[in-house]
Amino acid sequence: MKTFVMKELHKVGFSDKQVPEAGPNDAIVKTTRALICTSDAHTVHGAIGPKTNITLGHEAVGVVHRVGSQVKLFKPGDRVVVGAITPDWGDLASQGGHSSQSGSALGGWKFANIKDGVFAEYFHVNEADANMARIPSSVSDEAAVYCCDMLSTGLMAAENAAIPMGGTVAVFALGPVGLMSVVGARLLGAGLIIGVDSIPKRHELARFYGADQIVDHTKANAVEEILRLTEGAGVDSAIEALGADEVFGNAVKATKPGGTISNAGYHGKGDSVNIPRLDWGVGMAEKTIRTGLCPGGRLRMERMLRLLQTGRVDPTRMTTHTFKFDELERAFDMMDKKLDGIIKPLITF
Ligand SMILES: [Zn+2]
């Protein structure tokens with residue numbers, strides 16, 4: 001079968017591989033739609049170390065091709081969404097409520113990290129009953145594919161931000177995760193949502209998804225603007241959806257004492273992330289920092305799918321470009337360099 005791989009650091013391309021086999025609890029899925037993620041570009045540029053010939057991609061939906069003998073809930077032909085994070089549910093971290101960290105830190109993240117990813121005609125799913133969800137007939141593949149990562153991660157960022165009903169929220173960076181964090185903040189009852197980004201297309205989408213105010217950090221000091229919009233108080237909750245030291249620092253600065261900083265950004269560079277000491281109240285201002293990796297699991301994906309089914313959110317507005325699988329090299333380059341206002345490129349198989 002045809003797959004799209006990271007050949008070595010900074011180098012991608014197509015490669016032929018065998019169709020994977022299913023163990024007793026596993027499934028093999030025939031890919032129908034996938035999304036490229038900024039994390040795929042981080043991976044290619046070495047954020048998780050060198051890799052050789054590993055299939056990229058972790059956001060895909062498809063049709064079940066084969067199931068193992070112990071799989072109870074799915075059969076060939078089922079249309080399914082597969083989590084970007086596919087934990088080992090018997091692991092103690094999972095039993096402790098941290099399934100994304102099963103096996104090791106970030107160990108629930110297997111696709112294009114510790115095994116081949118989903119940019120392939122077929123891909124393998126471990127613990128299929130727990131890591132896939134059936135897509136309702138009223139939900140399109142193009143919408144469901146956002147449940148793999150973007151919707152789950154964005155909503156997680158809002159959940160981790162401990163937003164009080166009617167409280168104030170700042171979302172730093174309005175890429176797909178930031179935009180879905182705006183959706184999450186809105187659904188959780190935020191009273192004021194401030195989005196921070198410089199790109200006009202993202203401003204428009206953020207307003208569509210529920211941002212009340214937009215701050216362009218290239219035209220004004222983001223922290224000062226957030227303080228102005230909150231009458232000097234700072235926000236109850238700040239969401240970091242980029243993964244940059246300076247932005248993380250601004251999130252700490254813009255949060256009021258007692259507030260929460262929720263990190264969803266993938267900090268792919270440098271040896272450390274700095275916390276601005278004085279703005280953190282020398283460690284005593286009761287500013288909580290929470291972090292997380294996209295939660296996986298069938299229960300959560302079924303909840304995300306319900307939000308699509310009832311029209312609470314339409315993630316397909318974020319699909320700015322569509323490519324065929326054999327055009328993936330060009331699509332990847334565009335996503336890597338963020339060309340042509342790209343937000344989320346959809347890949348059709
Ligand atoms: Zn992703």
# chains A, B, ... in the order shown; residues from 1 in each chain; ligands from 1
call {"tool": "residues_near_ligand", "arguments": {"ligand": "ligand 1", "cutoff": "6 Å", "atoms": "only C-alpha atoms and all ligand atoms", "output": "PyMOL selection string"}}
result
chain A and resi 37+39+149
call {"tool": "residues_around", "arguments": {"residues": "region 25-29 of chain A", "least_positions_apart": "5", "cutoff": "8 Å", "atoms": "only C-alpha atoms", "output": "list of chain:residue names"}}
result
A:Pro20, A:Gly62, A:Val63, A:Val64, A:His65, A:Arg66, A:Val67, A:Gly68, A:Ser69, A:Gln70, A:Val71, A:Tyr122, A:Phe123, A:His124, A:Val125, A:Asn126, A:Glu127, A:Ala128, A:Asp129
call {"tool": "residues_around", "arguments": {"residues": "region 254-267 of chain A", "least_positions_apart": "2", "cutoff": "9 Å", "atoms": "only C-alpha atoms", "output": "PyMOL selection string"}}
result
chain A and resi 39+42+47+153-154+156-163+169-170+177-178+222-224+226-227+233-245+248-252+269-270+273+279-281+284-294
call {"tool": "select_by_dssp", "arguments": {"residues": "region 272-323 of chain A", "states": "helix (DSSP H, G or I)", "output": "list of chain:residue names"}}
result
A:Gly281, A:Val282, A:Gly283, A:Arg298, A:Leu299, A:Arg300, A:Met301, A:Glu302, A:Arg303, A:Met304, A:Leu305, A:Arg306, A:Leu307, A:Leu308, A:Gln309, A:Pro315, A:Thr316, A:Arg317, A:Met318
call {"tool": "write_last_selection", "arguments": {"atoms": "C-alpha atoms", "output": "PDB file, in the first residue's frame"}}
result
ATOM      1  CA  GLY A 281       3.538  36.248  42.101  1.00  0.00           C
ATOM      2  CA  VAL A 282       7.000  34.805  42.881  1.00  0.00           C
ATOM      3  CA  GLY A 283       5.286  31.427  42.777  1.00  0.00           C
ATOM      4  CA  ARG A 298     -14.561   6.042  22.461  1.00  0.00           C
ATOM      5  CA  LEU A 299     -16.660   7.747  25.151  1.00  0.00           C
ATOM      6  CA  ARG A 300     -15.035  11.116  24.477  1.00  0.00           C
ATOM      7  CA  MET A 301     -15.235  10.723  20.699  1.00  0.00           C
ATOM      8  CA  GLU A 302     -18.937   9.845  20.970  1.00  0.00           C
ATOM      9  CA  ARG A 303     -19.443  13.060  22.949  1.00  0.00           C
ATOM     10  CA  MET A 304     -17.599  15.077  20.280  1.00  0.00           C
ATOM     11  CA  LEU A 305     -19.692  13.443  17.567  1.00  0.00           C
ATOM     12  CA  ARG A 306     -22.836  14.406  19.476  1.00  0.00           C
ATOM     13  CA  LEU A 307     -21.755  18.064  19.352  1.00  0.00           C
ATOM     14  CA  LEU A 308     -21.507  17.727  15.572  1.00  0.00           C
ATOM     15  CA  GLN A 309     -24.809  15.877  15.280  1.00  0.00           C
ATOM     16  CA  PRO A 315     -15.507  22.423  12.520  1.00  0.00           C
ATOM     17  CA  THR A 316     -15.508  22.177   8.716  1.00  0.00           C
ATOM     18  CA  ARG A 317     -15.254  25.981   8.565  1.00  0.00           C
ATOM     19  CA  MET A 318     -11.573  25.455   9.423  1.00  0.00           C
TER      20      MET A 318
END
call {"tool": "atom_distance", "arguments": {"atom1": "CA of Phe4 (chain A)", "atom2": "CA of Ile343 (chain A)"}}
result
20.4 Å
call {"tool": "closest_residue", "arguments": {"among": "A:Ala211, A:Val82, A:Leu339, A:Ala144", "to": "Gly195 (chain A)", "atoms": "only C-alpha atoms"}}
result
A:Ala211
call {"tool": "residues_around", "arguments": {"residues": "Ile114 (chain A)", "least_positions_apart": "3", "cutoff": "12 Å", "atoms": "only C-alpha atoms", "output": "PyMOL selection string"}}
result
chain A and resi 43+48-56+58+85-86+103-104+106-111+117
call {"tool": "write_last_selection", "arguments": {"atoms": "all heavy atoms", "output": "compact mmCIF listing (two decimals), in the first residue's frame"}}
result
# COMPACT_ATOMS: atom_id res chain seq x y z
N THR A 43 7.09 17.21 14.07
CA THR A 43 7.74 15.89 14.11
C THR A 43 8.83 15.80 13.04
O THR A 43 9.95 15.37 13.33
CB THR A 43 6.69 14.78 13.90
OG1 THR A 43 5.76 14.84 14.98
CG2 THR A 43 7.32 13.40 13.85
N ILE A 48 10.44 15.38 18.24
CA ILE A 48 10.48 14.17 19.07
C ILE A 48 11.66 13.27 18.65
O ILE A 48 11.63 12.06 18.83
CB ILE A 48 9.14 13.39 19.04
CG1 ILE A 48 8.67 13.15 17.61
CG2 ILE A 48 8.08 14.11 19.84
CD1 ILE A 48 7.47 12.22 17.49
N GLY A 49 12.67 13.89 18.07
CA GLY A 49 13.89 13.16 17.72
C GLY A 49 13.86 12.62 16.31
O GLY A 49 12.84 12.71 15.62
N PRO A 50 14.97 12.05 15.86
CA PRO A 50 15.03 11.55 14.49
C PRO A 50 14.16 10.29 14.32
O PRO A 50 14.02 9.51 15.25
CB PRO A 50 16.51 11.22 14.30
CG PRO A 50 17.07 11.08 15.66
CD PRO A 50 16.21 11.86 16.61
N LYS A 51 13.57 10.15 13.16
CA LYS A 51 12.76 8.95 12.83
C LYS A 51 13.12 8.59 11.39
O LYS A 51 13.42 9.47 10.58
CB LYS A 51 11.26 9.26 12.87
CG LYS A 51 10.76 9.89 14.15
CD LYS A 51 10.24 8.86 15.11
CE LYS A 51 9.85 9.51 16.43
NZ LYS A 51 9.76 8.54 17.52
N THR A 52 13.04 7.30 11.08
CA THR A 52 13.35 6.86 9.73
C THR A 52 12.17 6.13 9.13
O THR A 52 11.69 5.14 9.70
CB THR A 52 14.58 5.91 9.76
OG1 THR A 52 15.61 6.55 10.48
CG2 THR A 52 15.06 5.60 8.35
N ASN A 53 11.66 6.65 8.02
CA ASN A 53 10.62 5.97 7.25
C ASN A 53 9.35 5.68 8.06
O ASN A 53 8.68 4.68 7.84
CB ASN A 53 11.19 4.67 6.66
CG ASN A 53 10.51 4.31 5.36
OD1 ASN A 53 10.15 5.20 4.58
ND2 ASN A 53 10.32 3.03 5.11
N ILE A 54 9.01 6.56 9.01
CA ILE A 54 7.78 6.36 9.79
C ILE A 54 6.63 7.06 9.07
O ILE A 54 6.77 8.19 8.59
CB ILE A 54 7.94 6.86 11.25
CG1 ILE A 54 6.77 6.38 12.12
CG2 ILE A 54 8.08 8.39 11.32
CD1 ILE A 54 6.99 6.59 13.62
N THR A 55 5.50 6.37 8.96
CA THR A 55 4.33 6.96 8.31
C THR A 55 3.80 8.10 9.18
O THR A 55 3.63 7.94 10.39
CB THR A 55 3.23 5.90 8.10
OG1 THR A 55 3.79 4.81 7.38
CG2 THR A 55 2.05 6.46 7.34
N LEU A 56 3.54 9.24 8.56
CA LEU A 56 3.08 10.43 9.28
C LEU A 56 1.56 10.40 9.45
O LEU A 56 0.87 9.58 8.86
CB LEU A 56 3.52 11.68 8.53
CG LEU A 56 5.03 11.98 8.59
CD1 LEU A 56 5.41 12.98 7.51
CD2 LEU A 56 5.42 12.48 9.97
N HIS A 58 -1.95 11.57 12.21
CA HIS A 58 -2.64 10.97 13.36
C HIS A 58 -4.11 11.38 13.40
O HIS A 58 -4.80 11.10 14.37
CB HIS A 58 -1.93 11.37 14.67
CG HIS A 58 -1.79 12.86 14.82
ND1 HIS A 58 -0.63 13.52 14.48
CD2 HIS A 58 -2.66 13.80 15.21
CE1 HIS A 58 -0.79 14.82 14.68
NE2 HIS A 58 -2.02 15.03 15.11
N ILE A 85 -4.98 9.93 19.75
CA ILE A 85 -4.35 9.30 20.91
C ILE A 85 -5.07 7.99 21.13
O ILE A 85 -6.30 7.96 21.30
CB ILE A 85 -4.49 10.23 22.15
CG1 ILE A 85 -3.88 11.61 21.86
CG2 ILE A 85 -3.87 9.59 23.39
CD1 ILE A 85 -2.42 11.63 21.46
N THR A 86 -4.32 6.90 21.11
CA THR A 86 -4.91 5.57 21.22
C THR A 86 -4.27 4.84 22.41
O THR A 86 -3.36 4.04 22.24
CB THR A 86 -4.70 4.77 19.92
OG1 THR A 86 -3.30 4.85 19.54
CG2 THR A 86 -5.53 5.32 18.78
N GLY A 103 1.68 4.14 29.59
CA GLY A 103 2.98 3.56 29.21
C GLY A 103 4.15 4.46 29.55
O GLY A 103 5.15 4.01 30.07
N SER A 104 4.02 5.74 29.24
CA SER A 104 5.08 6.71 29.52
C SER A 104 4.49 8.10 29.28
O SER A 104 3.34 8.21 28.85
CB SER A 104 6.26 6.49 28.58
OG SER A 104 5.84 6.69 27.24
N LEU A 106 3.24 11.00 27.43
CA LEU A 106 2.70 11.09 26.06
C LEU A 106 2.56 9.72 25.38
O LEU A 106 2.39 9.64 24.16
CB LEU A 106 3.53 12.02 25.16
CG LEU A 106 4.06 13.34 25.71
CD1 LEU A 106 4.64 14.19 24.58
CD2 LEU A 106 2.98 14.14 26.42
N GLY A 107 2.63 8.64 26.18
CA GLY A 107 2.66 7.28 25.62
C GLY A 107 1.38 6.86 24.90
O GLY A 107 1.38 5.91 24.12
N GLY A 108 0.28 7.58 25.16
CA GLY A 108 -0.95 7.28 24.42
C GLY A 108 -0.88 7.76 22.98
O GLY A 108 -1.70 7.39 22.15
N TRP A 109 0.09 8.61 22.71
CA TRP A 109 0.30 9.12 21.35
C TRP A 109 1.21 8.14 20.60
O TRP A 109 2.41 8.14 20.79
CB TRP A 109 0.92 10.52 21.39
CG TRP A 109 1.32 11.04 20.05
CD1 TRP A 109 0.80 10.70 18.84
CD2 TRP A 109 2.35 12.00 19.78
NE1 TRP A 109 1.44 11.39 17.84
CE2 TRP A 109 2.38 12.19 18.39
CE3 TRP A 109 3.23 12.73 20.60
CZ2 TRP A 109 3.29 13.07 17.79
CZ3 TRP A 109 4.12 13.60 20.00
CH2 TRP A 109 4.14 13.77 18.61
N LYS A 110 0.57 7.30 19.80
CA LYS A 110 1.32 6.25 19.11
C LYS A 110 1.54 6.56 17.63
O LYS A 110 2.61 6.31 17.08
CB LYS A 110 0.58 4.92 19.23
CG LYS A 110 0.40 4.46 20.69
CD LYS A 110 -0.19 3.07 20.72
CE LYS A 110 -0.64 2.66 22.11
NZ LYS A 110 0.36 2.81 23.15
N PHE A 111 0.48 7.10 16.96
CA PHE A 111 0.57 7.33 15.51
C PHE A 111 1.70 8.31 15.17
O PHE A 111 1.76 9.42 15.69
CB PHE A 111 -0.74 7.90 14.97
CG PHE A 111 -1.89 6.92 14.94
CD1 PHE A 111 -3.12 7.26 15.48
CD2 PHE A 111 -1.74 5.68 14.34
CE1 PHE A 111 -4.18 6.37 15.44
CE2 PHE A 111 -2.80 4.78 14.29
CZ PHE A 111 -4.02 5.13 14.84
N GLY A 117 1.75 6.03 11.29
CA GLY A 117 0.57 6.87 11.38
C GLY A 117 -0.48 6.56 10.33
O GLY A 117 -0.50 5.46 9.75
call {"tool": "closest_residue", "arguments": {"among": "A:Thr310, A:Ser99, A:Thr320, A:Thr31", "to": "Phe119 (chain A)", "atoms": "only C-alpha atoms"}}
result
A:Thr31
call {"tool": "residues_around", "arguments": {"residues": "Arg186 (chain A)", "least_positions_apart": "2", "cutoff": "12 Å", "atoms": "only C-alpha atoms", "output": "ChimeraX atom specification"}}
result
/A:154-155,158-159,163-171,179-184,188-194,206-212,312-313
call {"tool": "write_last_selection", "arguments": {"atoms": "C-alpha atoms", "output": "CSV table (one decimal), in the first residue's frame"}}
result
chain,number,residue,atom,x,y,z
A,154,GLY,CA,-9.4,22.4,21.9
A,155,LEU,CA,-12.2,21.4,24.3
A,158,ALA,CA,-11.0,24.9,27.8
A,159,GLU,CA,-11.9,22.2,30.3
A,163,ILE,CA,-13.5,28.7,33.4
A,164,PRO,CA,-16.0,30.1,35.9
A,165,MET,CA,-19.6,30.6,34.5
A,166,GLY,CA,-19.5,34.1,33.2
A,167,GLY,CA,-15.7,34.3,33.6
A,168,THR,CA,-13.1,35.9,31.4
A,169,VAL,CA,-10.9,33.9,29.0
A,170,ALA,CA,-8.0,34.7,26.7
A,171,VAL,CA,-7.0,32.3,24.0
A,179,LEU,CA,-10.4,28.1,17.6
A,180,MET,CA,-11.8,24.9,19.1
A,181,SER,CA,-10.7,26.3,22.6
A,182,VAL,CA,-12.9,29.3,21.8
A,183,VAL,CA,-15.8,26.8,21.1
A,184,GLY,CA,-15.0,25.0,24.4
A,188,LEU,CA,-18.6,26.0,29.2
A,189,GLY,CA,-20.2,29.4,29.9
A,190,ALA,CA,-17.4,32.0,29.5
A,191,GLY,CA,-18.7,35.5,29.8
A,192,LEU,CA,-16.0,37.2,27.8
A,193,ILE,CA,-13.7,35.5,25.3
A,194,ILE,CA,-10.6,37.3,24.0
A,206,ALA,CA,-12.7,33.2,16.0
A,207,ARG,CA,-15.6,35.6,15.9
A,208,PHE,CA,-17.7,32.9,14.2
A,209,TYR,CA,-16.9,30.4,16.9
A,210,GLY,CA,-17.6,32.8,19.7
A,211,ALA,CA,-14.8,35.2,20.5
A,212,ASP,CA,-16.1,38.6,21.7
A,312,ARG,CA,-23.3,22.9,18.5
A,313,VAL,CA,-20.1,23.3,16.4
call {"tool": "select_by_dssp", "arguments": {"residues": "region 34-119 of chain A", "states": "strand (DSSP E or B)", "output": "list in words"}}
result
Ala34, Leu35, Ile54, Thr55, Ala60, Val61, Gly62, Val63, Val64, His65, Arg66, Val67, Arg79, Val80, Val81, Val82, Phe111 and Lys115 of chain A
call {"tool": "residues_around", "arguments": {"residues": "Phe323 (chain A)", "least_positions_apart": "6", "cutoff": "9 Å", "atoms": "only C-alpha atoms", "output": "PyMOL selection string"}}
result
chain A and resi 330-331+345-348
call {"tool": "closest_residue", "arguments": {"among": "A:Cys147, A:Pro276, A:Asp326, A:His98", "to": "Asp314 (chain A)", "atoms": "only C-alpha atoms"}}
result
A:Cys147
call {"tool": "atom_distance", "arguments": {"atom1": "CA of Asp40 (chain A)", "atom2": "CA of Val196 (chain A)"}}
result
23.5 Å
call {"tool": "atom_distance", "arguments": {"atom1": "CA of Ser15 (chain A)", "atom2": "CA of Gly57 (chain A)"}}
result
13.9 Å
